[in-house]
Amino acid sequence: MDLSTTYLGLTLPHPIMPGASPLVDHLDLVKRLEDAGAAAITMHSLFEEQITREQQGMVYHMELLDNSSAEALSYFPHAGDFRLGPYQYLEQIRLIKQAVKLPVIASLNGTTAEGWIEYAKLIEQAGANALELNVYHVAADPRETGAAVERRVIDVVRALKASVTIPIAVKLSPFYSSVAHLAAQLDALGVEGLVLFNRFYQPDFDLQDLAVTSTLSLSTSNDLLLRLRWLAVLFGRVKATLAVTGGVHTPVDAIKAVMAGASAVQTVSSLLHHGPEHIKTLVGGMKAWLEEHEYDSLKQAMGSMSLERSPNPAAFERANYMKVLAAYQMKIQ
């Protein structure tokens, strides 16, 4: 069974790879990922704030807080909270390239088109095969329009494309007013990939201490549904290759993502649950499913359930929304 795929211009033996996570901070885990058959290594994000703090001696946005309260600065992580600082990150790329034969996709997380993007050149020089840009921005300012939010992403990507020659993937969130429109704009800039979706980690309340707390919950297969919809909508409408991240735990999850249009399947939570060796389970299960259902290759299945090929395109649009609500049978005990 031919499971090969192309993502970011990289020819891969299959689509399964770890998503951005701390797994890559340890070379022994990186080697286990390679031994388990990972198609590529995705680095965790290096944050814009880490770079600007190291370059300028401050964190981006701190100046905005200086006049309010010194306590506000405590919300930013200290430098020691990150295992890899900017220069250690570059060294880790070099070490991973020396330790394994897999493509390495570095990751930058930021919100502005300022000088920190020049750091992307250093990432390229360190040997990264591609770069994933995670534009994590919570649009909390009521004066900022939806167009301005999208323009922020466009400006960052345009600056990044001017800085490096390696392929670029943009990791999006599902909360833009028009995901499809933003994807088309990024596609016009020549990005080689789109990753769906970033997970916004939501704060919680501690009612005992009356404090806002940070929470991180691992994904479940239910998180995949939102990603399937937008993979299916975008497949065939953009030139950029598509990747899924969030909600892939089983071989069936991975098959669904590919049928929706994903060329690459990133998983983190399943590896944290089961260890790097779970990649073998995912790859083997995909192969078995495709053979059982008489597919000749993974590419034959890719995009077969997308909007443009779906036997029921209304399932992705409003008509199905009404149908599901009308068909639901309420049961009260």
# chains A, B, ... in the order shown; residues from 1 in each chain; ligands from 1
$ select_by_dssp --residues "region 150-293 of chain A" --states "helix (DSSP H, G or I)" --output "number ranges by chain"
A: 150-163, 179-188, 221-234, 251-260, 269-274, 278-292
$ closest_residue --among "A:Val233, A:Ala126, A:Leu27, A:Leu216" --to "Ile166 (chain A)" --atoms "only C-alpha atoms"
A:Ala126
$ residues_around --residues "region 135-149 of chain A" --least-positions-apart "6" --cutoff "7 Å" --atoms "only C-alpha atoms" --output "ChimeraX atom specification"
/A:109-111,171-172,177
$ residues_around --residues "Gly247 (chain A)" --least-positions-apart "2" --cutoff "10 Å" --atoms "only C-alpha atoms" --output "list in words"
Phe197, Leu218, Ser219, Thr220, Ser221, Asn222, Asp223, Leu224, Leu225, Leu226, Arg227, Leu228, Val244, Thr245, His249, Thr250, Asp253, Ala254, Ala257, Gln266, Thr267, Val268, Ser269 and Ser270 of chain A
$ write_last_selection --atoms "C-alpha atoms" --output "tab-separated table (two decimals), in the first residue's frame"
chain	number	residue	atom	x	y	z
A	197	PHE	CA	-6.29	24.43	13.70
A	218	LEU	CA	-5.49	17.32	25.84
A	219	SER	CA	-7.64	16.83	22.76
A	220	THR	CA	-10.10	14.05	22.05
A	221	SER	CA	-11.38	12.67	18.76
A	222	ASN	CA	-14.39	14.98	19.09
A	223	ASP	CA	-12.07	17.94	18.46
A	224	LEU	CA	-11.45	16.60	14.96
A	225	LEU	CA	-14.94	17.45	13.64
A	226	LEU	CA	-14.34	21.19	13.28
A	227	ARG	CA	-11.10	20.50	11.45
A	228	LEU	CA	-12.75	18.04	9.08
A	244	VAL	CA	-4.59	18.77	10.41
A	245	THR	CA	-3.67	19.14	14.06
A	249	HIS	CA	-6.07	9.71	18.12
A	250	THR	CA	-6.93	6.64	16.04
A	253	ASP	CA	-9.35	9.73	12.74
A	254	ALA	CA	-6.33	9.96	10.45
A	257	ALA	CA	-8.59	13.82	7.96
A	266	GLN	CA	-0.09	16.02	13.12
A	267	THR	CA	-0.80	14.45	16.48
A	268	VAL	CA	0.35	15.37	19.98
A	269	SER	CA	-2.18	14.31	22.60
A	270	SER	CA	-2.23	10.70	21.37
$ closest_atom_pairs --of "region 218-324 of chain A" --to "region 30-54 of chain A" --cutoff "8 Å" --atoms "only C-alpha atoms" --output "JSON lines"
{"residue": "A:Pro276", "atom": "CA", "partner": "A:Leu33", "partner_atom": "CA", "distance": 5.2}
{"residue": "A:Glu277", "atom": "CA", "partner": "A:Ala36", "partner_atom": "CA", "distance": 5.0}
{"residue": "A:His278", "atom": "CA", "partner": "A:Ala36", "partner_atom": "CA", "distance": 7.5}
{"residue": "A:Ile279", "atom": "CA", "partner": "A:Ala36", "partner_atom": "CA", "distance": 5.8}
{"residue": "A:Lys280", "atom": "CA", "partner": "A:Ala36", "partner_atom": "CA", "distance": 5.6}
$ atom_distance --atom1 "CA of Ala240 (chain A)" --atom2 "CA of Met302 (chain A)"
14.3 Å
$ select_by_dssp --residues "region 103-144 of chain A" --states "strand (DSSP E or B)" --output "list in words"
Val104, Ile105, Ala106, Ser107, Leu108, Asn109, Ala130, Leu131, Glu132, Leu133 and Asn134 of chain A
$ write_last_selection --atoms "N, CA and C atoms" --output "short mmCIF file (atom, residue, chain, number, x, y, z; two decimals), in the first residue's frame"
data_model
loop_
_atom_site.label_atom_id
_atom_site.label_comp_id
_atom_site.auth_asym_id
_atom_site.auth_seq_id
_atom_site.Cartn_x
_atom_site.Cartn_y
_atom_site.Cartn_z
N VAL A 104 12.85 18.38 9.34
CA VAL A 104 12.56 19.12 10.56
C VAL A 104 11.79 20.39 10.21
N ILE A 105 10.61 20.54 10.81
CA ILE A 105 9.78 21.72 10.60
C ILE A 105 9.86 22.55 11.88
N ALA A 106 10.52 23.70 11.80
CA ALA A 106 10.61 24.59 12.95
C ALA A 106 9.31 25.37 13.09
N SER A 107 9.15 26.06 14.22
CA SER A 107 7.90 26.78 14.46
C SER A 107 8.17 28.10 15.16
N LEU A 108 7.54 29.16 14.66
CA LEU A 108 7.58 30.47 15.30
C LEU A 108 6.17 30.87 15.69
N ASN A 109 6.03 31.46 16.87
CA ASN A 109 4.73 31.90 17.36
C ASN A 109 4.81 33.39 17.63
N ALA A 130 11.60 23.35 6.83
CA ALA A 130 10.40 24.17 6.63
C ALA A 130 10.11 24.92 7.92
N LEU A 131 9.17 25.84 7.85
CA LEU A 131 8.85 26.68 9.01
C LEU A 131 7.34 26.80 9.14
N GLU A 132 6.85 26.52 10.33
CA GLU A 132 5.43 26.66 10.64
C GLU A 132 5.25 27.94 11.45
N LEU A 133 4.39 28.81 10.99
CA LEU A 133 4.12 30.07 11.68
C LEU A 133 2.79 29.98 12.39
N ASN A 134 2.82 30.16 13.70
CA ASN A 134 1.63 30.09 14.52
C ASN A 134 1.28 31.51 14.96
#
$ residues_around --residues "Pro15 (chain A)" --least-positions-apart "4" --cutoff "9 Å" --atoms "only C-alpha atoms" --output "JSON, numbers by chain"
{"A": [3, 4, 5, 6, 7, 38, 39, 40, 243, 254, 258, 262, 263, 264, 265, 266, 283]}
$ atom_distance --atom1 "CA of Asp155 (chain A)" --atom2 "CA of Leu182 (chain A)"
12.1 Å
$ residues_around --residues "His181 (chain A)" --least-positions-apart "3" --cutoff "12 Å" --atoms "only C-alpha atoms" --output "compact mmCIF listing (two decimals) with N, CA and C atoms, in the first residue's frame"
# COMPACT_ATOMS: atom_id res chain seq x y z
N GLY A 146 -12.42 43.01 12.13
CA GLY A 146 -12.05 41.71 11.60
C GLY A 146 -11.03 41.82 10.48
N ALA A 147 -11.17 42.86 9.65
CA ALA A 147 -10.21 43.07 8.56
C ALA A 147 -8.82 43.35 9.11
N GLU A 150 -7.17 40.10 10.26
CA GLU A 150 -6.63 39.35 9.13
C GLU A 150 -5.39 40.03 8.56
N ARG A 151 -5.41 41.36 8.52
CA ARG A 151 -4.26 42.09 7.98
C ARG A 151 -3.01 41.85 8.82
N ILE A 154 -1.60 38.65 7.54
CA ILE A 154 -1.03 38.85 6.20
C ILE A 154 0.31 39.57 6.29
N TYR A 176 -11.46 33.22 12.91
CA TYR A 176 -11.52 34.36 11.99
C TYR A 176 -12.92 34.48 11.41
N SER A 177 -13.29 35.70 11.06
CA SER A 177 -14.65 35.90 10.55
C SER A 177 -14.87 35.15 9.23
N SER A 178 -13.80 35.00 8.44
CA SER A 178 -13.90 34.21 7.20
C SER A 178 -12.61 33.41 7.03
N ALA A 184 -7.39 32.02 1.37
CA ALA A 184 -7.15 32.41 -0.02
C ALA A 184 -6.11 33.52 -0.10
N GLN A 185 -6.15 34.47 0.84
CA GLN A 185 -5.15 35.55 0.85
C GLN A 185 -3.75 34.99 1.12
N LEU A 186 -3.65 34.08 2.06
CA LEU A 186 -2.36 33.46 2.37
C LEU A 186 -1.86 32.64 1.19
N ASP A 187 -2.79 31.97 0.54
CA ASP A 187 -2.44 31.18 -0.64
C ASP A 187 -1.87 32.08 -1.73
N ALA A 188 -2.46 33.26 -1.89
CA ALA A 188 -1.99 34.21 -2.90
C ALA A 188 -0.58 34.71 -2.58
N TRP A 230 -13.40 22.24 7.81
CA TRP A 230 -12.64 23.26 7.09
C TRP A 230 -11.58 22.67 6.17
N VAL A 233 -13.69 22.07 3.17
CA VAL A 233 -14.05 23.30 2.48
C VAL A 233 -12.88 23.83 1.66
N LEU A 234 -11.67 23.75 2.21
CA LEU A 234 -10.50 24.36 1.56
C LEU A 234 -9.84 23.47 0.51
N ARG A 237 -9.41 24.25 -3.27
CA ARG A 237 -9.65 25.68 -3.48
C ARG A 237 -8.39 26.50 -3.23
N VAL A 238 -7.39 25.91 -2.63
CA VAL A 238 -6.10 26.57 -2.43
C VAL A 238 -5.01 25.65 -2.95
$ atom_distance --atom1 "CA of Glu124 (chain A)" --atom2 "CA of Ser163 (chain A)"
9.5 Å
$ closest_residue --among "A:Gly190, A:Gly275, A:Gly19, A:Gly303" --to "Arg229 (chain A)" --atoms "only C-alpha atoms"
A:Gly303
$ closest_residue --among "A:Leu8, A:Leu29, A:Ala120, A:Tyr201" --to "Thr213 (chain A)" --atoms "only C-alpha atoms"
A:Tyr201
